[in-house]
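Shown next: entry-v8.cif, given as mmCIF, N, CA and C atoms.
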```
data_model
#
loop_
_atom_site.group_PDB
_atom_site.id
_atom_site.type_symbol
_atom_site.label_atom_id
_atom_site.label_comp_id
_atom_site.auth_asym_id
_atom_site.auth_seq_id
_atom_site.Cartn_x
_atom_site.Cartn_y
_atom_site.Cartn_z
ATOM 1 N N MET A 1 -23.404 -15.150 -9.493
ATOM 2 C CA MET A 1 -24.417 -14.294 -8.886
ATOM 3 C C MET A 1 -23.764 -12.961 -8.541
ATOM 4 N N LEU A 2 -24.432 -11.903 -8.902
ATOM 5 C CA LEU A 2 -23.933 -10.565 -8.614
ATOM 6 C C LEU A 2 -24.181 -10.204 -7.152
ATOM 7 N N LEU A 3 -23.428 -9.226 -6.664
ATOM 8 C CA LEU A 3 -23.551 -8.808 -5.275
ATOM 9 C C LEU A 3 -24.967 -8.344 -4.956
ATOM 10 N N GLN A 4 -25.545 -7.574 -5.849
ATOM 11 C CA GLN A 4 -26.903 -7.074 -5.605
ATOM 12 C C GLN A 4 -27.897 -8.232 -5.486
ATOM 13 N N GLU A 5 -27.756 -9.236 -6.352
ATOM 14 C CA GLU A 5 -28.633 -10.413 -6.286
ATOM 15 C C GLU A 5 -28.437 -11.160 -4.975
ATOM 16 N N LEU A 6 -27.189 -11.274 -4.557
ATOM 17 C CA LEU A 6 -26.880 -11.956 -3.304
ATOM 18 C C LEU A 6 -27.520 -11.236 -2.126
ATOM 19 N N LYS A 7 -27.419 -9.920 -2.117
ATOM 20 C CA LYS A 7 -28.039 -9.141 -1.036
ATOM 21 C C LYS A 7 -29.545 -9.363 -0.998
ATOM 22 N N GLU A 8 -30.159 -9.384 -2.163
ATOM 23 C CA GLU A 8 -31.609 -9.604 -2.217
ATOM 24 C C GLU A 8 -31.979 -10.982 -1.668
ATOM 25 N N GLN A 9 -31.185 -11.979 -2.005
ATOM 26 C CA GLN A 9 -31.450 -13.334 -1.516
ATOM 27 C C GLN A 9 -31.242 -13.433 -0.005
ATOM 28 N N VAL A 10 -30.213 -12.754 0.496
ATOM 29 C CA VAL A 10 -29.923 -12.786 1.929
ATOM 30 C C VAL A 10 -31.076 -12.181 2.719
ATOM 31 N N LEU A 11 -31.650 -11.116 2.209
ATOM 32 C CA LEU A 11 -32.749 -10.462 2.920
ATOM 33 C C LEU A 11 -33.994 -11.347 3.008
ATOM 34 N N LYS A 12 -34.085 -12.343 2.161
ATOM 35 C CA LYS A 12 -35.213 -13.273 2.202
ATOM 36 C C LYS A 12 -35.032 -14.358 3.262
ATOM 37 N N LEU A 13 -33.808 -14.500 3.763
ATOM 38 C CA LEU A 13 -33.531 -15.529 4.775
ATOM 39 C C LEU A 13 -34.092 -15.123 6.130
ATOM 40 N N PRO A 14 -34.409 -16.110 6.962
ATOM 41 C CA PRO A 14 -34.818 -15.780 8.329
ATOM 42 C C PRO A 14 -33.622 -15.229 9.115
ATOM 43 N N PRO A 15 -33.890 -14.437 10.158
ATOM 44 C CA PRO A 15 -32.798 -13.815 10.930
ATOM 45 C C PRO A 15 -31.745 -14.805 11.429
ATOM 46 N N SER A 16 -32.147 -15.971 11.879
ATOM 47 C CA SER A 16 -31.160 -16.934 12.394
ATOM 48 C C SER A 16 -30.200 -17.372 11.287
ATOM 49 N N ASP A 17 -30.714 -17.569 10.069
ATOM 50 C CA ASP A 17 -29.843 -17.955 8.956
ATOM 51 C C ASP A 17 -28.918 -16.811 8.542
ATOM 52 N N ARG A 18 -29.420 -15.581 8.618
ATOM 53 C CA ARG A 18 -28.565 -14.432 8.297
ATOM 54 C C ARG A 18 -27.432 -14.304 9.300
ATOM 55 N N LEU A 19 -27.737 -14.549 10.594
ATOM 56 C CA LEU A 19 -26.678 -14.510 11.613
ATOM 57 C C LEU A 19 -25.647 -15.603 11.370
ATOM 58 N N ALA A 20 -26.107 -16.786 10.979
ATOM 59 C CA ALA A 20 -25.181 -17.878 10.679
ATOM 60 C C ALA A 20 -24.306 -17.509 9.481
ATOM 61 N N LEU A 21 -24.893 -16.857 8.499
ATOM 62 C CA LEU A 21 -24.136 -16.421 7.331
ATOM 63 C C LEU A 21 -23.086 -15.385 7.706
ATOM 64 N N VAL A 22 -23.466 -14.438 8.553
ATOM 65 C CA VAL A 22 -22.519 -13.426 9.016
ATOM 66 C C VAL A 22 -21.355 -14.091 9.749
ATOM 67 N N SER A 23 -21.644 -15.046 10.594
ATOM 68 C CA SER A 23 -20.586 -15.759 11.325
ATOM 69 C C SER A 23 -19.653 -16.477 10.361
ATOM 70 N N ALA A 24 -20.220 -17.119 9.344
ATOM 71 C CA ALA A 24 -19.398 -17.832 8.368
ATOM 72 C C ALA A 24 -18.505 -16.856 7.597
ATOM 73 N N ILE A 25 -19.038 -15.702 7.250
ATOM 74 C CA ILE A 25 -18.242 -14.703 6.525
ATOM 75 C C ILE A 25 -17.118 -14.176 7.404
ATOM 76 N N ILE A 26 -17.420 -13.891 8.667
ATOM 77 C CA ILE A 26 -16.387 -13.391 9.586
ATOM 78 C C ILE A 26 -15.289 -14.425 9.773
ATOM 79 N N GLU A 27 -15.662 -15.688 9.942
ATOM 80 C CA GLU A 27 -14.663 -16.751 10.106
ATOM 81 C C GLU A 27 -13.784 -16.856 8.864
ATOM 82 N N SER A 28 -14.382 -16.720 7.682
ATOM 83 C CA SER A 28 -13.584 -16.825 6.458
ATOM 84 C C SER A 28 -12.602 -15.665 6.344
ATOM 85 N N LEU A 29 -12.992 -14.498 6.836
ATOM 86 C CA LEU A 29 -12.098 -13.341 6.789
ATOM 87 C C LEU A 29 -10.973 -13.453 7.796
ATOM 88 N N GLN A 30 -11.238 -14.091 8.935
ATOM 89 C CA GLN A 30 -10.200 -14.236 9.955
ATOM 90 C C GLN A 30 -9.113 -15.185 9.490
ATOM 91 N N ASP A 31 -9.449 -16.139 8.637
ATOM 92 C CA ASP A 31 -8.460 -17.084 8.130
ATOM 93 C C ASP A 31 -7.640 -16.505 6.983
ATOM 94 N N THR A 32 -8.090 -15.401 6.429
ATOM 95 C CA THR A 32 -7.404 -14.777 5.302
ATOM 96 C C THR A 32 -6.290 -13.873 5.826
ATOM 97 N N PRO A 33 -5.039 -14.101 5.364
ATOM 98 C CA PRO A 33 -3.965 -13.209 5.806
ATOM 99 C C PRO A 33 -4.183 -11.802 5.252
ATOM 100 N N ILE A 34 -3.905 -10.832 6.073
ATOM 101 C CA ILE A 34 -4.061 -9.437 5.672
ATOM 102 C C ILE A 34 -2.792 -9.020 4.946
ATOM 103 N N SER A 35 -2.946 -8.599 3.698
ATOM 104 C CA SER A 35 -1.778 -8.183 2.919
ATOM 105 C C SER A 35 -1.337 -6.798 3.369
ATOM 106 N N GLU A 36 -0.027 -6.580 3.317
ATOM 107 C CA GLU A 36 0.481 -5.276 3.730
ATOM 108 C C GLU A 36 0.140 -4.248 2.659
ATOM 109 N N PRO A 37 0.024 -3.025 3.054
ATOM 110 C CA PRO A 37 -0.352 -1.997 2.083
ATOM 111 C C PRO A 37 0.635 -1.931 0.918
ATOM 112 N N GLU A 38 0.136 -1.547 -0.231
ATOM 113 C CA GLU A 38 0.959 -1.475 -1.436
ATOM 114 C C GLU A 38 2.150 -0.552 -1.247
ATOM 115 N N ARG A 39 1.945 0.535 -0.544
ATOM 116 C CA ARG A 39 3.032 1.500 -0.354
ATOM 117 C C ARG A 39 4.187 0.874 0.432
ATOM 118 N N SER A 40 3.880 0.139 1.493
ATOM 119 C CA SER A 40 4.928 -0.498 2.288
ATOM 120 C C SER A 40 5.694 -1.505 1.447
ATOM 121 N N SER A 41 4.970 -2.239 0.629
ATOM 122 C CA SER A 41 5.612 -3.215 -0.237
ATOM 123 C C SER A 41 6.541 -2.534 -1.230
ATOM 124 N N ALA A 42 6.097 -1.439 -1.814
ATOM 125 C CA ALA A 42 6.920 -0.709 -2.776
ATOM 126 C C ALA A 42 8.167 -0.148 -2.107
ATOM 127 N N ILE A 43 8.020 0.371 -0.905
ATOM 128 C CA ILE A 43 9.171 0.919 -0.182
ATOM 129 C C ILE A 43 10.186 -0.178 0.098
ATOM 130 N N ARG A 44 9.707 -1.332 0.508
ATOM 131 C CA ARG A 44 10.606 -2.450 0.807
ATOM 132 C C ARG A 44 11.370 -2.865 -0.448
ATOM 133 N N ARG A 45 10.691 -2.897 -1.597
ATOM 134 C CA ARG A 45 11.357 -3.275 -2.843
ATOM 135 C C ARG A 45 12.368 -2.228 -3.280
ATOM 136 N N MET A 46 12.075 -0.955 -3.046
ATOM 137 C CA MET A 46 12.964 0.119 -3.503
ATOM 138 C C MET A 46 14.212 0.255 -2.649
ATOM 139 N N ARG A 47 14.182 -0.243 -1.440
ATOM 140 C CA ARG A 47 15.370 -0.114 -0.593
ATOM 141 C C ARG A 47 16.596 -0.707 -1.261
ATOM 142 N N GLY A 48 16.413 -1.817 -1.952
ATOM 143 C CA GLY A 48 17.527 -2.443 -2.649
ATOM 144 C C GLY A 48 18.071 -1.579 -3.765
ATOM 145 N N LEU A 49 17.232 -0.755 -4.365
ATOM 146 C CA LEU A 49 17.694 0.120 -5.438
ATOM 147 C C LEU A 49 18.615 1.219 -4.930
ATOM 148 N N LEU A 50 18.477 1.570 -3.673
ATOM 149 C CA LEU A 50 19.270 2.659 -3.109
ATOM 150 C C LEU A 50 20.656 2.218 -2.673
ATOM 151 N N LYS A 51 20.870 0.910 -2.561
ATOM 152 C CA LYS A 51 22.158 0.415 -2.105
ATOM 153 C C LYS A 51 23.212 0.625 -3.188
ATOM 154 N N THR A 52 24.416 0.971 -2.750
ATOM 155 C CA THR A 52 25.533 1.179 -3.670
ATOM 156 C C THR A 52 26.829 0.780 -2.967
ATOM 157 N N ASP A 53 27.835 0.507 -3.762
ATOM 158 C CA ASP A 53 29.147 0.160 -3.202
ATOM 159 C C ASP A 53 29.949 1.396 -2.842
ATOM 160 N N GLN A 54 29.508 2.552 -3.312
ATOM 161 C CA GLN A 54 30.246 3.784 -3.062
ATOM 162 C C GLN A 54 29.865 4.361 -1.703
ATOM 163 N N PRO A 55 30.808 5.046 -1.069
ATOM 164 C CA PRO A 55 30.477 5.678 0.215
ATOM 165 C C PRO A 55 29.532 6.863 0.008
ATOM 166 N N ALA A 56 28.795 7.195 1.040
ATOM 167 C CA ALA A 56 27.877 8.337 0.973
ATOM 168 C C ALA A 56 28.683 9.626 0.793
ATOM 169 N N PRO A 57 28.116 10.605 0.082
ATOM 170 C CA PRO A 57 28.856 11.865 -0.099
ATOM 171 C C PRO A 57 28.996 12.605 1.232
ATOM 172 N N THR A 58 30.079 13.354 1.332
ATOM 173 C CA THR A 58 30.316 14.149 2.539
ATOM 174 C C THR A 58 29.412 15.381 2.508
ATOM 175 N N ASP A 59 29.333 16.076 3.622
ATOM 176 C CA ASP A 59 28.530 17.301 3.679
ATOM 177 C C ASP A 59 29.026 18.326 2.661
ATOM 178 N N GLU A 60 30.341 18.412 2.499
ATOM 179 C CA GLU A 60 30.912 19.357 1.550
ATOM 180 C C GLU A 60 30.520 18.987 0.119
ATOM 181 N N GLU A 61 30.560 17.699 -0.196
ATOM 182 C CA GLU A 61 30.186 17.261 -1.536
ATOM 183 C C GLU A 61 28.709 17.532 -1.814
ATOM 184 N N VAL A 62 27.875 17.319 -0.825
ATOM 185 C CA VAL A 62 26.443 17.591 -0.976
ATOM 186 C C VAL A 62 26.218 19.080 -1.188
ATOM 187 N N ALA A 63 26.905 19.896 -0.416
ATOM 188 C CA ALA A 63 26.776 21.348 -0.573
ATOM 189 C C ALA A 63 27.208 21.775 -1.968
ATOM 190 N N ALA A 64 28.284 21.195 -2.487
ATOM 191 C CA ALA A 64 28.758 21.532 -3.830
ATOM 192 C C ALA A 64 27.740 21.084 -4.885
ATOM 193 N N MET A 65 27.142 19.905 -4.711
ATOM 194 C CA MET A 65 26.123 19.431 -5.665
ATOM 195 C C MET A 65 24.910 20.350 -5.659
ATOM 196 N N LEU A 66 24.485 20.766 -4.468
ATOM 197 C CA LEU A 66 23.341 21.674 -4.374
ATOM 198 C C LEU A 66 23.651 23.015 -5.020
ATOM 199 N N GLU A 67 24.841 23.517 -4.791
ATOM 200 C CA GLU A 67 25.240 24.790 -5.388
ATOM 201 C C GLU A 67 25.259 24.686 -6.913
ATOM 202 N N GLU A 68 25.807 23.594 -7.426
ATOM 203 C CA GLU A 68 25.847 23.387 -8.872
ATOM 204 C C GLU A 68 24.432 23.292 -9.444
ATOM 205 N N TRP A 69 23.561 22.590 -8.759
ATOM 206 C CA TRP A 69 22.171 22.457 -9.208
ATOM 207 C C TRP A 69 21.474 23.819 -9.234
ATOM 208 N N ARG A 70 21.692 24.615 -8.184
ATOM 209 C CA ARG A 70 21.065 25.942 -8.112
ATOM 210 C C ARG A 70 21.582 26.863 -9.219
ATOM 211 N N VAL A 71 22.890 26.809 -9.491
ATOM 212 C CA VAL A 71 23.460 27.633 -10.558
ATOM 213 C C VAL A 71 22.832 27.239 -11.898
ATOM 214 N N ASN A 72 22.722 25.943 -12.156
ATOM 215 C CA ASN A 72 22.131 25.483 -13.420
ATOM 216 C C ASN A 72 20.658 25.860 -13.509
ATOM 217 N N LYS A 73 19.956 25.814 -12.413
ATOM 218 C CA LYS A 73 18.522 26.094 -12.442
ATOM 219 C C LYS A 73 18.231 27.588 -12.576
ATOM 220 N N TYR A 74 18.942 28.411 -11.842
ATOM 221 C CA TYR A 74 18.588 29.829 -11.757
ATOM 222 C C TYR A 74 19.435 30.741 -12.643
ATOM 223 N N LEU A 75 20.495 30.262 -13.249
ATOM 224 C CA LEU A 75 21.324 31.130 -14.108
ATOM 225 C C LEU A 75 21.279 30.698 -15.548
#
```
In structure tokens, what does this structure look like?
Amino acid sequence: MLLQELKEQVLKLPPSDRLALVSAIIESLQDTPISEPERSSAIRRMRGLLKTDQPAPTDEEVAAMLEEWRVNKYL
């Protein structure tokens, strides 16, 4: 049954039955675990990709990398 058909059938029910249906739907949703947003899941998975055995670059090394990148980009 399509959603539109279901809505049409629900509107034919008496108010007390519609309220009972609403209660049943709410109860079914409360039992359903809420999945975390896709973005949070992706971030959690990517954290492992960032791990390395090498130490983080020093400020001087970062400055040198940025300078090299700028020279390549603008010259």
Q | Atom pair atom N of A:Arg18 / atom C of A:Gln30: separation (Å) | A | 20.3 Å
Q. Got a sec to tell me which of chain A DSSP assigns to helix (DSSP H, G or I), as a PyMOL selection string?
A. chain A and resi 3-11+15-30+38-50+59-74
Q: Go ahead and compute the interatomic distance for atom C of A:Asp17 and atom C of A:Glu5, in Å to one decimal.
A: 14.7 Å
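Note that the spacing between atom CA of A:Glu8 and atom C of A:Leu29 amounts to 23.3 Å.
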For stretch 3-16 of chain A, what centre and edge lengths in Å (one decimal) does the axis-aligned box get once 8 Å is added on each side of all its listed atoms, as lines of an AutoDock Vina configuration file?
```
center_x = -29.3
center_y = -12.2
center_z = 2.9
size_x = 27.8
size_y = 26.3
size_z = 35.1
```
